[in-house]
file upload18.txt (compact mmCIF, C-alpha atoms)
# COMPACT_ATOMS: atom_id res chain seq x y z
CA MET L 1486 147.01 99.95 125.77
CA SER L 1487 144.11 98.19 127.44
CA THR L 1488 142.54 95.18 125.82
CA PRO L 1489 139.59 96.33 123.74
CA VAL L 1490 136.95 94.34 125.61
CA THR L 1491 137.61 96.14 128.84
CA ASP L 1492 136.96 99.54 127.33
CA PRO L 1493 133.61 100.80 128.62
CA ARG L 1494 132.82 102.10 125.17
CA PHE L 1495 132.99 98.61 123.73
CA ALA L 1496 129.27 98.00 124.25
CA GLU L 1497 128.40 101.37 122.80
CA ILE L 1498 130.47 100.75 119.70
CA GLU L 1499 129.07 97.26 119.42
CA SER L 1500 125.50 98.62 119.48
CA HIS L 1501 126.11 100.20 116.07
CA ARG L 1502 127.04 96.90 114.48
CA PRO L 1503 123.66 96.25 112.78
CA TYR L 1504 123.66 99.68 111.16
CA LEU L 1505 127.26 99.27 110.05
CA LEU L 1506 126.54 95.86 108.62
CA ARG L 1507 123.67 97.27 106.60
CA TYR L 1508 125.96 99.98 105.33
CA ALA L 1509 128.61 97.43 104.35
CA LEU L 1510 126.00 95.21 102.69
CA SER L 1511 124.73 98.11 100.63
CA GLN L 1512 128.23 98.66 99.31
CA LEU L 1513 129.57 95.13 99.04
CA ARG L 1514 126.52 92.92 98.51
CA ASP L 1515 128.44 89.92 99.74
CA GLY L 1516 127.42 88.98 103.26
CA GLN L 1517 130.71 87.45 104.24
CA LEU L 1518 132.71 90.34 102.86
CA ALA L 1519 130.44 92.80 104.63
CA GLU L 1520 130.93 91.00 107.96
CA GLU L 1521 134.65 91.11 107.40
CA ALA L 1522 134.62 94.84 106.71
CA VAL L 1523 132.56 95.56 109.82
CA GLN L 1524 134.76 93.38 111.96
CA GLU L 1525 137.90 95.15 110.77
CA ALA L 1526 136.30 98.55 111.21
CA LEU L 1527 135.17 97.81 114.76
CA LEU L 1528 138.62 96.56 115.72
CA ALA L 1529 140.21 99.65 114.20
CA ALA L 1530 137.69 101.81 116.04
CA LEU L 1531 138.49 100.21 119.38
CA GLU L 1532 142.17 100.82 118.82
CA SER L 1533 141.69 104.47 118.04
CA ILE L 1534 138.71 105.31 120.25
CA GLY L 1535 141.01 107.70 122.10
CA SER L 1536 141.12 109.92 119.04
CA PHE L 1537 137.34 110.15 118.78
CA GLY L 1538 136.61 113.65 119.98
CA GLY L 1539 132.83 113.44 120.01
CA LYS L 1540 132.51 116.23 117.45
CA SER L 1541 130.43 114.03 115.21
CA SER L 1542 128.17 111.26 116.43
CA LEU L 1543 129.82 107.95 117.25
CA ARG L 1544 127.94 106.35 114.38
CA THR L 1545 129.24 108.92 111.90
CA TRP L 1546 132.77 108.32 113.11
CA LEU L 1547 132.42 104.53 112.89
CA THR L 1548 130.94 104.82 109.41
CA SER L 1549 133.90 106.86 108.22
CA ILE L 1550 136.26 104.11 109.40
CA LEU L 1551 134.10 101.47 107.78
CA ARG L 1552 134.06 103.38 104.52
CA PHE L 1553 137.81 102.92 104.17
CA LYS L 1554 137.59 99.22 104.97
CA VAL L 1555 134.87 98.82 102.37
CA ILE L 1556 136.87 100.59 99.69
CA ASP L 1557 139.86 98.45 100.57
CA LEU L 1558 137.85 95.23 100.33
CA GLN L 1559 136.23 96.33 97.08
CA ARG L 1560 139.66 96.85 95.62
CA ARG L 1561 140.88 93.47 96.78
CA ALA L 1562 137.72 91.73 95.63
CA SER L 1563 137.82 93.24 92.16
CA THR L 1564 141.39 92.10 91.60
CA GLU L 1565 140.66 88.62 92.90
CA ARG L 1566 137.29 87.46 91.70
CA LEU L 1567 133.76 88.66 92.46
CA HIS L 1568 131.71 89.54 89.51
CA PHE L 1569 128.37 90.54 90.83
CA ASP L 1570 125.56 88.65 89.30
CA ALA L 1571 122.88 91.07 88.21
CA GLY L 1572 120.55 88.35 86.96
CA ASP L 1573 118.60 87.51 90.10
CA PHE L 1574 118.06 91.08 90.66
CA ALA L 1575 116.48 92.14 87.42
CA ALA L 1576 114.05 89.29 87.98
CA GLU L 1577 113.34 90.56 91.45
CA SER L 1578 112.42 94.00 90.20
CA GLU L 1579 110.27 92.77 87.34
CA ASP L 1580 108.21 90.36 89.34
CA GLU L 1581 105.24 92.35 90.55
CA ALA L 1582 103.60 89.56 92.50
CA TRP L 1583 104.57 91.35 95.69
CA LEU L 1584 102.21 94.18 94.73
CA ASP L 1585 99.31 91.73 94.65
CA GLU L 1586 99.89 91.07 98.31
CA LEU L 1587 99.37 94.74 99.09
CA PHE L 1588 96.63 95.65 96.61
CA ASP L 1589 93.49 93.73 95.63
CA GLU L 1590 92.48 92.97 92.04
CA THR L 1591 90.79 96.38 91.70
CA GLY L 1592 93.97 98.12 92.84
CA HIS L 1593 92.73 99.08 96.31
CA TRP L 1594 94.88 98.83 99.41
CA ARG L 1595 94.30 95.54 101.18
CA ILE L 1596 95.34 97.19 104.44
CA PRO L 1597 94.66 100.93 104.11
CA PRO L 1598 97.46 103.23 105.32
CA GLN L 1599 96.43 104.98 108.53
CA ALA L 1600 97.10 108.53 109.64
CA TRP L 1601 100.17 108.29 111.86
CA SER L 1602 99.87 110.20 115.07
CA ASP L 1603 102.74 112.55 115.80
CA PRO L 1604 105.48 110.95 113.67
CA GLU L 1605 107.89 113.76 114.65
CA ALA L 1606 107.83 112.61 118.25
CA ALA L 1607 108.88 109.12 117.16
CA LEU L 1608 112.15 110.52 115.83
CA GLU L 1609 113.14 111.39 119.38
CA GLN L 1610 112.61 107.92 120.74
CA ARG L 1611 115.33 105.30 120.87
CA ARG L 1612 112.82 102.49 120.64
CA PHE L 1613 111.48 103.89 117.38
CA TRP L 1614 114.92 103.74 115.83
CA GLU L 1615 115.36 100.14 116.89
CA ILE L 1616 112.13 99.30 115.09
CA PHE L 1617 113.08 101.41 112.09
CA GLU L 1618 116.31 99.47 111.72
CA ARG L 1619 114.61 96.16 112.22
CA CYS L 1620 112.09 97.07 109.51
CA LEU L 1621 114.97 97.98 107.19
CA ASP L 1622 116.49 94.58 107.80
CA ARG L 1623 113.27 92.88 106.81
CA LEU L 1624 113.24 94.39 103.34
CA PRO L 1625 114.21 91.87 100.68
CA GLY L 1626 117.86 92.05 99.53
CA ALA L 1627 117.72 94.44 96.60
CA ALA L 1628 115.04 96.64 98.15
CA GLY L 1629 116.98 97.02 101.37
CA ARG L 1630 120.22 97.78 99.63
CA VAL L 1631 118.83 100.25 97.10
CA PHE L 1632 116.72 102.04 99.71
CA PHE L 1633 119.73 102.31 101.98
CA LYS L 1634 121.83 103.89 99.26
CA ARG L 1635 119.09 106.18 98.01
CA GLU L 1636 117.52 107.43 101.22
CA ILE L 1637 120.01 106.83 103.97
CA LEU L 1638 123.23 107.61 102.15
CA GLY L 1639 121.47 110.05 99.82
CA GLU L 1640 123.04 108.68 96.63
CA GLY L 1641 121.52 109.68 93.30
CA THR L 1642 119.45 107.19 91.36
CA GLU L 1643 121.88 107.35 88.46
CA ALA L 1644 124.86 106.28 90.56
CA ILE L 1645 122.83 103.50 92.14
CA CYS L 1646 121.67 102.17 88.77
CA LYS L 1647 125.20 102.09 87.49
CA ASP L 1648 126.47 100.39 90.60
CA GLU L 1649 123.70 97.82 90.69
CA ARG L 1650 123.64 97.43 86.92
CA ILE L 1651 119.94 98.06 86.60
CA THR L 1652 117.82 100.51 84.63
CA ALA L 1653 116.27 103.58 86.20
CA SER L 1654 112.80 102.07 85.96
CA ASN L 1655 114.00 98.90 87.72
CA CYS L 1656 115.39 101.13 90.40
CA TRP L 1657 112.05 102.92 90.82
CA VAL L 1658 110.22 99.63 91.09
CA ILE L 1659 112.62 98.48 93.78
CA LEU L 1660 112.29 101.75 95.69
CA HIS L 1661 108.50 101.62 95.47
CA ARG L 1662 108.64 98.17 96.97
CA ALA L 1663 111.02 99.24 99.72
CA ARG L 1664 108.87 102.23 100.68
CA LEU L 1665 105.68 100.20 100.78
CA GLY L 1666 107.40 97.52 102.83
CA LEU L 1667 108.92 99.93 105.25
CA ARG L 1668 105.77 101.94 105.84
CA ALA L 1669 103.74 98.77 106.41
CA CYS L 1670 106.32 97.49 108.89
CA LEU L 1671 106.42 100.78 110.80
CA GLU L 1672 102.66 101.03 110.89
CA LYS L 1673 102.37 97.51 112.20
CA ASN L 1674 105.12 97.74 114.78
CA TRP L 1675 105.06 101.34 115.87
CA PHE L 1676 102.35 103.68 114.66
CA GLY L 1677 99.55 101.15 114.72
CA GLY L 1678 99.98 100.60 118.44
CA THR L 1679 100.27 104.23 119.38
CA ALA L 1680 97.41 105.30 117.11
CA ASN L 1681 95.07 102.75 118.60
CA ALA L 1682 96.02 103.73 122.10
CA GLY L 1683 95.34 107.41 121.41
CA MET H 806 88.95 115.28 82.92
CA PRO H 807 92.22 113.76 84.15
CA GLY H 808 93.08 110.11 83.62
CA LYS H 809 92.03 107.76 86.37
CA VAL H 810 94.43 105.81 88.54
CA ASN H 811 93.75 103.38 91.34
CA CYS H 812 95.57 103.23 94.68
CA ARG H 813 98.16 100.78 93.40
CA GLU H 814 99.06 103.10 90.55
CA ALA H 815 98.82 106.22 92.73
CA SER H 816 101.25 104.71 95.22
CA ARG H 817 103.66 104.00 92.38
CA LEU H 818 103.40 107.57 91.11
CA LEU H 819 103.95 108.95 94.61
CA SER H 820 107.12 106.91 94.92
CA VAL H 821 108.33 107.81 91.43
CA ALA H 822 107.72 111.48 92.27
CA CYS H 823 110.51 111.15 94.84
CA GLU H 824 112.86 110.35 91.94
CA ARG H 825 111.78 112.47 89.01
CA GLU H 826 109.25 115.09 88.07
CA LEU H 827 105.95 113.61 86.95
CA ASP H 828 104.66 114.59 83.53
CA THR H 829 101.43 116.55 83.34
CA GLY H 830 99.25 113.53 82.67
CA GLU H 831 100.68 111.61 85.60
CA SER H 832 100.54 114.56 87.89
CA ASP H 833 96.93 115.44 87.05
CA ALA H 834 95.78 111.86 87.46
CA LEU H 835 97.58 111.59 90.77
CA GLN H 836 96.20 114.85 92.14
CA TYR H 837 92.70 113.88 91.07
CA HIS H 838 93.05 110.59 92.91
CA LEU H 839 94.58 112.14 96.03
CA GLY H 840 91.71 114.62 96.22
CA ARG H 841 89.38 111.68 96.76
CA CYS H 842 91.51 109.18 98.62
CA LEU H 843 92.50 109.66 102.24
CA MET H 844 94.46 106.39 102.31
CA CYS H 845 96.77 107.56 99.54
CA ARG H 846 97.14 110.96 101.19
CA ASN H 847 98.25 109.08 104.30
CA PHE H 848 100.74 107.17 102.19
CA GLU H 849 101.99 110.47 100.74
CA SER H 850 102.69 111.88 104.22
CA GLN H 851 104.35 108.64 105.21
CA LEU H 852 106.73 108.86 102.25
CA ARG H 853 107.80 112.32 103.37
CA PHE H 854 108.33 110.99 106.86
CA LEU H 855 110.35 107.99 105.65
CA ARG H 856 112.68 110.29 103.76
CA LYS H 857 113.16 112.50 106.78
CA ALA H 858 113.78 109.58 109.14
CA ALA H 859 116.17 107.91 106.71
CA LYS H 860 118.26 111.07 106.51
CA ARG H 861 118.70 111.05 110.25
CA LEU H 862 119.72 107.43 110.57
CA PRO H 863 123.45 107.86 109.78
CA SER H 864 123.98 110.18 112.74
CA GLN H 865 121.66 108.39 115.15
CA ASP H 866 123.30 107.40 118.44
call {"tool": "encode", "arguments": {"input": "upload18.txt", "output": "structure tokens"}}
result
Amino acid sequence: MSTPVTDPRFAEIESHRPYLLRYALSQLRDGQLAEEAVQEALLAALESIGSFGGKSSLRTWLTSILRFKVIDLQRRASTERLHFDAGDFAAESEDEAWLDELFDETGHWRIPPQAWSDPEAALEQRRFWEIFERCLDRLPGAAGRVFFKREILGEGTEAICKDERITASNCWVILHRARLGLRACLEKNWFGGTANAG
Amino acid sequence: MPGKVNCREASRLLSVACERELDTGESDALQYHLGRCLMCRNFESQLRFLRKAAKRLPSQD
């Protein structure tokens, strides 16, 4: 077998690392553990890249490998130590100061949402996805994680609440925050530019 | 006459509507607001777009 680094698909696999890390973070919450899971998954992927038939997308295939690593680490972590601290998190969802940054004292948008020109076309552009992922990474911890589970993995709110040990209304507050943050980031870094140019 | 909500509250209701059905009071107040507020209608379209984009992310190459 060739050494992994010489495989031409190394760079391609590597390019999915940020997405995979976000996935692992959404499941494990612990940065170090998430890094570990991704590292193990990428190594396993390089070893078995020959069996990847290209039926699904590379990312889907990598995620399925990662999923097993995550489950494995979760199992190990729960027998060893790791009791997730839900405290910080409830505080994060109850503090509404972040809304004051987006809305003035009469409840109006400080920066009004614009009409986005041709959002469908953005979905076909690689550069858009880079920005989308970067915007996801900028969401604060809980917002990023909950949004990822809810919208990207399509998990139900109930499962997320249980997992994160929060109430449904906390969950809605967090999702509201994530959506506002994400739309503002996309408008600033993608749609704003194209709209003004058009 | 439906209850009045401002943009801050309308944006919250629009987000909550992605999670559960709004009750009649909420829904009426939101629709009344949306009828008069282009900014919040923009936000509404953006929420739909976010959901669509997010669904595609896992298979993005």
call {"tool": "atom_distance", "arguments": {"input": "upload18.txt", "atom1": "CA of Trp1601 in chain L", "atom2": "CA of Leu1638 in chain L"}}
result
25.0 Å
call {"tool": "closest_residue", "arguments": {"input": "upload18.txt", "among": "L:Leu1518, L:Leu1624, L:Ala1496, L:Leu1547", "to": "Arg1560 in chain L", "atoms": "only C-alpha atoms"}}
result
L:Leu1518
call {"tool": "interface_residues", "arguments": {"input": "upload18.txt", "of": "chain H", "to": "chain L", "cutoff": "8 Å", "atoms": "only C-alpha atoms", "output": "PDB file with C-alpha atoms, keeping the file's coordinate frame"}}
result
ATOM      1  CA  ASN H 811      93.750 103.380  91.340  1.00  0.00           C
ATOM      2  CA  CYS H 812      95.570 103.230  94.680  1.00  0.00           C
ATOM      3  CA  ARG H 813      98.160 100.780  93.400  1.00  0.00           C
ATOM      4  CA  GLU H 814      99.060 103.100  90.550  1.00  0.00           C
ATOM      5  CA  SER H 816     101.250 104.710  95.220  1.00  0.00           C
ATOM      6  CA  ARG H 817     103.660 104.000  92.380  1.00  0.00           C
ATOM      7  CA  SER H 820     107.120 106.910  94.920  1.00  0.00           C
ATOM      8  CA  VAL H 821     108.330 107.810  91.430  1.00  0.00           C
ATOM      9  CA  GLU H 824     112.860 110.350  91.940  1.00  0.00           C
ATOM     10  CA  MET H 844      94.460 106.390 102.310  1.00  0.00           C
ATOM     11  CA  CYS H 845      96.770 107.560  99.540  1.00  0.00           C
ATOM     12  CA  ASN H 847      98.250 109.080 104.300  1.00  0.00           C
ATOM     13  CA  PHE H 848     100.740 107.170 102.190  1.00  0.00           C
ATOM     14  CA  GLN H 851     104.350 108.640 105.210  1.00  0.00           C
ATOM     15  CA  LEU H 852     106.730 108.860 102.250  1.00  0.00           C
ATOM     16  CA  PHE H 854     108.330 110.990 106.860  1.00  0.00           C
ATOM     17  CA  LEU H 855     110.350 107.990 105.650  1.00  0.00           C
ATOM     18  CA  ARG H 856     112.680 110.290 103.760  1.00  0.00           C
ATOM     19  CA  ALA H 858     113.780 109.580 109.140  1.00  0.00           C
ATOM     20  CA  ALA H 859     116.170 107.910 106.710  1.00  0.00           C
ATOM     21  CA  LYS H 860     118.260 111.070 106.510  1.00  0.00           C
ATOM     22  CA  ARG H 861     118.700 111.050 110.250  1.00  0.00           C
ATOM     23  CA  LEU H 862     119.720 107.430 110.570  1.00  0.00           C
ATOM     24  CA  PRO H 863     123.450 107.860 109.780  1.00  0.00           C
ATOM     25  CA  SER H 864     123.980 110.180 112.740  1.00  0.00           C
ATOM     26  CA  GLN H 865     121.660 108.390 115.150  1.00  0.00           C
ATOM     27  CA  ASP H 866     123.300 107.400 118.440  1.00  0.00           C
TER      28      ASP H 866
END
call {"tool": "closest_residue", "arguments": {"input": "upload18.txt", "among": "H:Ala834, H:Arg846, H:Glu826, H:Gly840", "to": "Gly808 in chain H", "atoms": "only C-alpha atoms"}}
result
H:Ala834
call {"tool": "residues_near_point", "arguments": {"input": "upload18.txt", "point": "(98.0, 111.8, 92.2)", "cutoff": "9 Å", "atoms": "only C-alpha atoms", "output": "list in words"}}
result
Val810, Glu814, Ala815, Ser816, Leu818, Leu819, Glu831, Ser832, Asp833, Ala834, Leu835, Gln836, Tyr837, His838, Leu839, Gly840 and Cys845 of chain H
call {"tool": "atom_distance", "arguments": {"input": "upload18.txt", "atom1": "CA of Gln1512 in chain L", "atom2": "CA of Ile1645 in chain L"}}
result
10.2 Å
call {"tool": "atom_distance", "arguments": {"input": "upload18.txt", "atom1": "CA of Ser1536 in chain L", "atom2": "CA of Asp1557 in chain L"}}
result
21.8 Å
call {"tool": "residues_around", "arguments": {"input": "upload18.txt", "residues": "Ala1522 in chain L", "least_positions_apart": "5", "cutoff": "12 Å", "atoms": "all atoms listed in the file", "output": "PyMOL selection string"}}
result
chain L and resi 1502+1505-1510+1512-1517+1527-1529+1547-1548+1550-1559+1561-1562
